[in-house]
Amino acid sequence: MKKSDLGVVAILYGIVIWFTVMTLDFPEEAQTYPLCLLAAIGFLTTLYLVVQILRWKKTGEVENDMAKSFEGFLPAQFFGSFLLCVGYLLAMHFCGYYIASVAYLALGLLFLKVPLKHVGITIVFLMIVIYVVFSMFLRVPLPRGVLFG
Amino acid sequence: MLDTLSLMGAGFVHALTPINLLAMFLSTAFGVSIGCLPGLSAAMGVALLLPVTFGMDPATGLIVLGGIYCGAIFGGSISAILIHTPGTPASAATAIEGYQMTKQGRAAKALTVACFASFVGGLLSCISLYFFAPPLAVLALKFKSPEYFWLSLFGLTVIAGVSSKSLIKGLLSGFLGLLISTIGMDPMEGVERYMFGTSTLYGGVNVTCALIGLFSMSQVLILAEKKIVQRAKAQKITDKFGLTGAEVRRLTPTMVRSWVIGNIVGILPGAGATIACFMGYNEAKRWSKHKEEFGKGSIDGVAGSEAANNAVTGGSLIPTLTLGIPGESVTAVLMGGLIIHGLQPGPELFTTYAPMTYTFFAGFVIVQFLMLAIGFFGCRGFAQISRLSDAILIPAIVVLCVVGSYAIHNNIVEVGIMVLFGVIGYLMRKFDFNAAAMVLGLILGPIGERGLRRSLLLSDGDPSVLFSTPLCWMLIALCVIGILSPIFMNRLEKKVEKG
């Protein structure tokens, strides 16, 4: 049995309960199909739990697989990159797509210790590609931002 | 017959327009670039470029996706040969002989063999596509609502079972996908379901956003969690590109054998290019007259592996286009592309939309020729691309994911949904769940729901309608086989690995 399995099973049961509560608010005709799916997920989760318990009874061990799953995990780099990504989305809302993208790329690349010359080349190359493909070819009105829109 | 021939001819005429040729060239080159970058998959490349195809004619859009698919499968061999790191798992067997040849100063020869074998494997797989897809689509004509319900379940059981480490987790992934597909308006009752007050979700979760998140954004998170290492420098290419007549004659039986293997593996849902490349390599070794060369740089080994993995491409499109059962993640993404263009896999593709389908088929053939040319003349350049640092790829992919998911409906909320699916995809990969099964659940969900609810509506709620025809029973049997097939596949994989 793996330690992560307990968390996985708890989350899946949580999803089943949460969605079941929401489903019971639907009119009766609309409940059947989602309830069938939720029953299937609940059944499979229970089956998975039973299989893991039987395995645990056989071996008597709970394997701490989190260390294996996250071997070499760099929290600062991971969460830093993710937060920059979230910041990028927020900046896009205020400053528009192009300004936010240039800022994100510059910060993101520097954060990951890319040499300055490569930062410049990457930004110019990507912005040209995106402008040609999305703005010129597909004519997608990219966000202009509340500050400039 | 004449109709089919004229459709095939018309397909080539449409596919050979300058815009289609340009699209094929660019997409194949992009696919090769993605393929030769270790860590990036063909599915990721197809998902990333999916939004770009929206503004295109459906046939052109599908040709672009096909070009990325074929290019990426071949591209994996470049880094396998030059830096001993397969760009995609489908080139793992190529690395064994290819890198040995590189160390002996025969890198250009290895690349030429890989390129030529990929071309032959891919081209021959198109023949199967032309011959087997239409008859299978005729079978799908007999499907009614109950059969569609079972068909969607069959697709799910196959992908969930075969491509997951744990069958239960695979099935759970699929059912979670089905549950997510219920978000939005109820198709029969017009009731809002799980919309959390967001009008963006009226039409349900956008499949493209989910695809980009699950395959591309999650890859960003995977890359960002580990130390960024400098990739090995590609070995210098000192010899000349090209094959002699004697070498072509020597490789021909190996390539034909690998084509047969790759095609069968491709048609079987769930097996995929990774298994095919090892099977092709093993059979090349078994039948080779130069067994002593294996392990020391055998051109037979490279050809066997590369012809087999590219032969999978055409084969895997057969069940995807005719029955809507993609056997692996790339074809699941491709099927998403098909649906986004307003097309449903099945008989209609070979009747109402036959001109578009045959244009796609013709494009798939032409892509093989372009892949040969791009591979042959661009190997040196792609060798440099394969060294591109993950530090550059991480922010670059994020920017492309964001613009791609925004471009679908010009809606920032969908960008957020894409990021959410990125996190879900990352966690799924960490805990051995199956992103491809979830995507398939999302795609097949509406088909299955419609099938089930229409059947029950027409039978006044009598569930026996779901077991009323021989076709239903055949599909139920296939579902059972789909669930049991992982046992068979695991044994096959172990046997292949042992050689």
# chains A, B, ... in the order shown; residues from 1 in each chain; ligands from 1
>>> interface_residues(of="chain B", to="chain A", cutoff="6 Å", atoms="only C-alpha atoms", output="list in words")
Gly55, Ala224, Glu225, Lys226, Ala391, Pro395 and Ala407 of chain B
>>> residues_around(residues="range 182-194 of chain B", least_positions_apart="5", cutoff="6 Å", atoms="only C-alpha atoms", output="PyMOL selection string")
chain B and resi 201-204
>>> atom_distance(atom1="CA of Leu171 in chain B", atom2="CA of Gly441 in chain B")
9.6 Å
>>> select_by_dssp(residues="chain A", states="alpha helix (DSSP H)", output="ChimeraX atom specification")
/A:3-23,28-59,66-69,75-95,97-111,116-130
>>> closest_residue(among="B:Tyr358, B:Phe421, B:Phe175, B:Phe488", to="Pro58 in chain B", atoms="only C-alpha atoms")
B:Tyr358
>>> atom_distance(atom1="CA of Ile394 in chain B", atom2="CA of Leu427 in chain B")
17.7 Å
>>> residues_around(residues="range 38-51 of chain B", least_positions_apart="3", cutoff="8 Å", atoms="only C-alpha atoms", output="ChimeraX atom specification")
/B:31,34-35,54,65,68-69,72-73,76,79,85-88,208,211-212,215-216,219,223,329-331,333-334,337,386,400-401,404-405,407-408
>>> write_last_selection(atoms="N, CA and C atoms", output="short mmCIF file (atom, residue, chain, number, x, y, z; two decimals), in the first residue's frame")
data_model
loop_
_atom_site.label_atom_id
_atom_site.label_comp_id
_atom_site.auth_asym_id
_atom_site.auth_seq_id
_atom_site.Cartn_x
_atom_site.Cartn_y
_atom_site.Cartn_z
N GLY B 31 6.67 19.59 -35.75
CA GLY B 31 6.58 18.27 -35.12
C GLY B 31 7.95 17.66 -34.89
N ILE B 34 9.56 19.40 -31.95
CA ILE B 34 8.99 18.93 -30.68
C ILE B 34 9.52 17.53 -30.37
N GLY B 35 9.53 16.69 -31.41
CA GLY B 35 9.95 15.30 -31.21
C GLY B 35 11.40 15.19 -30.77
N PHE B 54 -7.83 26.49 -35.77
CA PHE B 54 -9.24 26.93 -35.78
C PHE B 54 -9.58 27.80 -36.99
N LEU B 65 -2.31 18.88 -37.92
CA LEU B 65 -2.18 18.02 -36.74
C LEU B 65 -1.50 16.70 -37.10
N ILE B 68 2.24 17.29 -37.46
CA ILE B 68 2.94 17.36 -36.16
C ILE B 68 3.13 15.95 -35.61
N TYR B 69 2.08 15.14 -35.72
CA TYR B 69 2.12 13.77 -35.20
C TYR B 69 3.26 12.99 -35.85
N ALA B 72 6.76 14.49 -35.12
CA ALA B 72 7.23 14.28 -33.75
C ALA B 72 7.72 12.85 -33.53
N ILE B 73 7.01 11.89 -34.14
CA ILE B 73 7.42 10.48 -33.98
C ILE B 73 8.80 10.28 -34.62
N GLY B 76 11.94 12.22 -32.70
CA GLY B 76 12.54 11.57 -31.54
C GLY B 76 13.82 10.82 -31.86
N SER B 79 17.48 13.05 -31.69
CA SER B 79 18.22 13.14 -30.42
C SER B 79 18.63 11.75 -29.93
N THR B 85 19.63 10.31 -26.31
CA THR B 85 18.45 10.57 -25.49
C THR B 85 17.23 10.59 -26.42
N PRO B 86 16.40 9.56 -26.36
CA PRO B 86 15.24 9.55 -27.26
C PRO B 86 14.34 10.76 -27.02
N GLY B 87 14.01 11.47 -28.09
CA GLY B 87 13.14 12.65 -27.94
C GLY B 87 11.77 12.24 -27.46
N THR B 88 11.29 11.09 -27.94
CA THR B 88 10.02 10.52 -27.49
C THR B 88 10.27 9.05 -27.15
N THR B 208 -10.52 21.83 -25.83
CA THR B 208 -9.18 22.30 -26.21
C THR B 208 -8.42 22.83 -25.00
N LEU B 211 -7.32 19.96 -23.07
CA LEU B 211 -6.20 19.28 -23.76
C LEU B 211 -4.89 20.02 -23.54
N ILE B 212 -4.93 21.34 -23.74
CA ILE B 212 -3.71 22.14 -23.58
C ILE B 212 -3.22 22.04 -22.14
N PHE B 215 -1.99 18.25 -21.27
CA PHE B 215 -0.79 17.76 -21.95
C PHE B 215 0.36 18.76 -22.00
N SER B 216 0.06 20.05 -22.17
CA SER B 216 1.14 21.03 -22.34
C SER B 216 1.49 21.71 -21.03
N GLN B 219 3.11 19.57 -18.53
CA GLN B 219 4.51 19.29 -18.88
C GLN B 219 5.41 20.41 -18.37
N LEU B 223 8.55 19.93 -15.94
CA LEU B 223 9.90 20.44 -16.25
C LEU B 223 10.39 21.37 -15.15
N SER B 329 -2.68 8.70 -26.42
CA SER B 329 -2.93 10.11 -26.13
C SER B 329 -2.88 11.00 -27.38
N VAL B 330 -1.95 10.75 -28.30
CA VAL B 330 -1.85 11.63 -29.48
C VAL B 330 -3.13 11.55 -30.30
N THR B 331 -3.62 10.32 -30.52
CA THR B 331 -4.83 10.21 -31.33
C THR B 331 -6.06 10.72 -30.57
N VAL B 333 -5.94 13.38 -28.70
CA VAL B 333 -5.86 14.82 -28.94
C VAL B 333 -6.30 15.13 -30.38
N LEU B 334 -5.86 14.29 -31.31
CA LEU B 334 -6.25 14.47 -32.71
C LEU B 334 -7.77 14.37 -32.88
N GLY B 337 -9.31 17.47 -31.89
CA GLY B 337 -9.19 18.43 -32.99
C GLY B 337 -10.29 18.24 -34.01
N SER B 386 17.57 20.16 -30.46
CA SER B 386 17.42 19.15 -29.41
C SER B 386 18.19 19.51 -28.14
N LEU B 400 2.70 30.17 -24.99
CA LEU B 400 1.94 29.55 -26.08
C LEU B 400 0.64 28.91 -25.58
N CYS B 401 0.71 28.30 -24.38
CA CYS B 401 -0.51 27.71 -23.79
C CYS B 401 -1.56 28.80 -23.54
N GLY B 404 -2.94 30.20 -26.81
CA GLY B 404 -3.74 29.16 -27.46
C GLY B 404 -5.10 29.00 -26.82
N SER B 405 -5.14 28.97 -25.48
CA SER B 405 -6.42 28.76 -24.82
C SER B 405 -7.28 30.02 -24.86
N ALA B 407 -7.29 32.11 -27.42
CA ALA B 407 -7.73 32.32 -28.81
C ALA B 407 -9.03 31.57 -29.15
N ILE B 408 -9.39 30.56 -28.36
CA ILE B 408 -10.56 29.75 -28.71
C ILE B 408 -11.84 30.59 -28.69
#
>>> residues_around(residues="Glu306 in chain B", least_positions_apart="3", cutoff="10 Å", atoms="only C-alpha atoms", output="ChimeraX atom specification")
/B:73-74,76-77,90-94,113-122,255,258-259,262,273,276-278,280-281,300-303,309-311
>>> write_last_selection(atoms="C-alpha atoms", output="mmCIF file, in the first residue's frame")
data_model
loop_
_atom_site.group_PDB
_atom_site.id
_atom_site.type_symbol
_atom_site.label_atom_id
_atom_site.label_comp_id
_atom_site.auth_asym_id
_atom_site.auth_seq_id
_atom_site.Cartn_x
_atom_site.Cartn_y
_atom_site.Cartn_z
ATOM 1 C CA ILE B 73 7.424 10.481 -33.978
ATOM 2 C CA PHE B 74 10.318 10.767 -36.435
ATOM 3 C CA GLY B 76 12.540 11.568 -31.536
ATOM 4 C CA SER B 77 15.112 9.575 -33.487
ATOM 5 C CA ALA B 90 8.846 5.776 -29.471
ATOM 6 C CA SER B 91 12.531 6.158 -30.396
ATOM 7 C CA ALA B 92 13.963 4.351 -27.387
ATOM 8 C CA ALA B 93 14.970 1.321 -29.477
ATOM 9 C CA THR B 94 16.528 3.560 -32.136
ATOM 10 C CA VAL B 113 18.380 5.178 -42.302
ATOM 11 C CA ALA B 114 16.048 6.547 -39.598
ATOM 12 C CA CYS B 115 14.649 9.116 -42.001
ATOM 13 C CA PHE B 116 14.180 6.661 -44.876
ATOM 14 C CA ALA B 117 12.683 3.925 -42.674
ATOM 15 C CA SER B 118 10.308 6.438 -41.040
ATOM 16 C CA PHE B 119 9.239 7.539 -44.509
ATOM 17 C CA VAL B 120 8.648 3.979 -45.728
ATOM 18 C CA GLY B 121 6.826 2.952 -42.523
ATOM 19 C CA GLY B 122 4.661 6.070 -42.561
ATOM 20 C CA MET B 255 11.045 -2.072 -43.229
ATOM 21 C CA SER B 258 8.152 -3.393 -39.337
ATOM 22 C CA TRP B 259 5.363 -1.770 -41.307
ATOM 23 C CA GLY B 262 3.549 -1.088 -36.618
ATOM 24 C CA ALA B 273 4.477 3.540 -30.989
ATOM 25 C CA ALA B 276 5.921 -1.014 -31.889
ATOM 26 C CA CYS B 277 9.497 0.325 -31.975
ATOM 27 C CA PHE B 278 10.758 -2.427 -29.680
ATOM 28 C CA GLY B 280 10.181 -3.801 -34.880
ATOM 29 C CA TYR B 281 13.698 -3.749 -33.456
ATOM 30 C CA ASP B 300 18.808 -3.002 -39.605
ATOM 31 C CA GLY B 301 18.097 -2.178 -35.965
ATOM 32 C CA VAL B 302 17.552 1.517 -36.694
ATOM 33 C CA ALA B 303 15.343 0.741 -39.711
ATOM 34 C CA ASN B 309 6.984 3.469 -34.912
ATOM 35 C CA ASN B 310 5.997 5.535 -37.946
ATOM 36 C CA ALA B 311 3.777 2.749 -39.275
#
>>> residues_around(residues="Ala29 in chain B", least_positions_apart="2", cutoff="12 Å", atoms="only C-alpha atoms", output="CSV table (one decimal) with C-alpha atoms, in the first residue's frame")
chain,number,residue,atom,x,y,z
B,22,LEU,CA,3.0,25.4,-46.6
B,23,ALA,CA,0.9,24.2,-43.7
B,24,MET,CA,2.2,20.7,-44.0
B,25,PHE,CA,5.8,21.8,-44.3
B,26,LEU,CA,5.6,24.1,-41.2
B,27,SER,CA,3.7,21.6,-39.1
B,31,GLY,CA,6.6,18.3,-35.1
B,32,VAL,CA,10.2,17.2,-35.8
B,33,SER,CA,11.4,20.1,-33.4
B,34,ILE,CA,9.0,18.9,-30.7
B,35,GLY,CA,10.0,15.3,-31.2
B,36,CYS,CA,13.7,15.9,-31.0
B,45,GLY,CA,2.8,19.4,-29.7
B,64,VAL,CA,-1.4,20.3,-39.7
B,65,LEU,CA,-2.2,18.0,-36.7
B,66,GLY,CA,-1.2,14.9,-38.7
B,67,GLY,CA,2.0,16.6,-39.8
B,68,ILE,CA,2.9,17.4,-36.2
B,69,TYR,CA,2.1,13.8,-35.2
B,70,CYS,CA,4.3,12.2,-37.9
B,71,GLY,CA,7.1,14.8,-37.5
B,72,ALA,CA,7.2,14.3,-33.7
B,73,ILE,CA,7.4,10.5,-34.0
B,74,PHE,CA,10.3,10.8,-36.4
B,75,GLY,CA,11.9,13.7,-34.6
B,367,VAL,CA,3.5,14.7,-45.1
B,368,GLN,CA,5.6,11.5,-45.3
B,370,LEU,CA,8.0,16.3,-46.6
B,371,MET,CA,9.2,14.5,-43.5
B,372,LEU,CA,11.8,12.7,-45.6
B,373,ALA,CA,13.0,16.0,-47.1
B,374,ILE,CA,12.9,17.9,-43.8
B,375,GLY,CA,14.7,15.0,-42.0
B,376,PHE,CA,17.3,14.6,-44.7
B,377,PHE,CA,18.2,18.3,-45.2
B,378,GLY,CA,17.4,19.6,-41.7
B,379,CYS,CA,19.1,17.0,-39.4
B,381,GLY,CA,19.7,22.1,-37.5
B,382,PHE,CA,17.3,19.9,-35.5
B,385,ILE,CA,17.2,22.4,-31.4
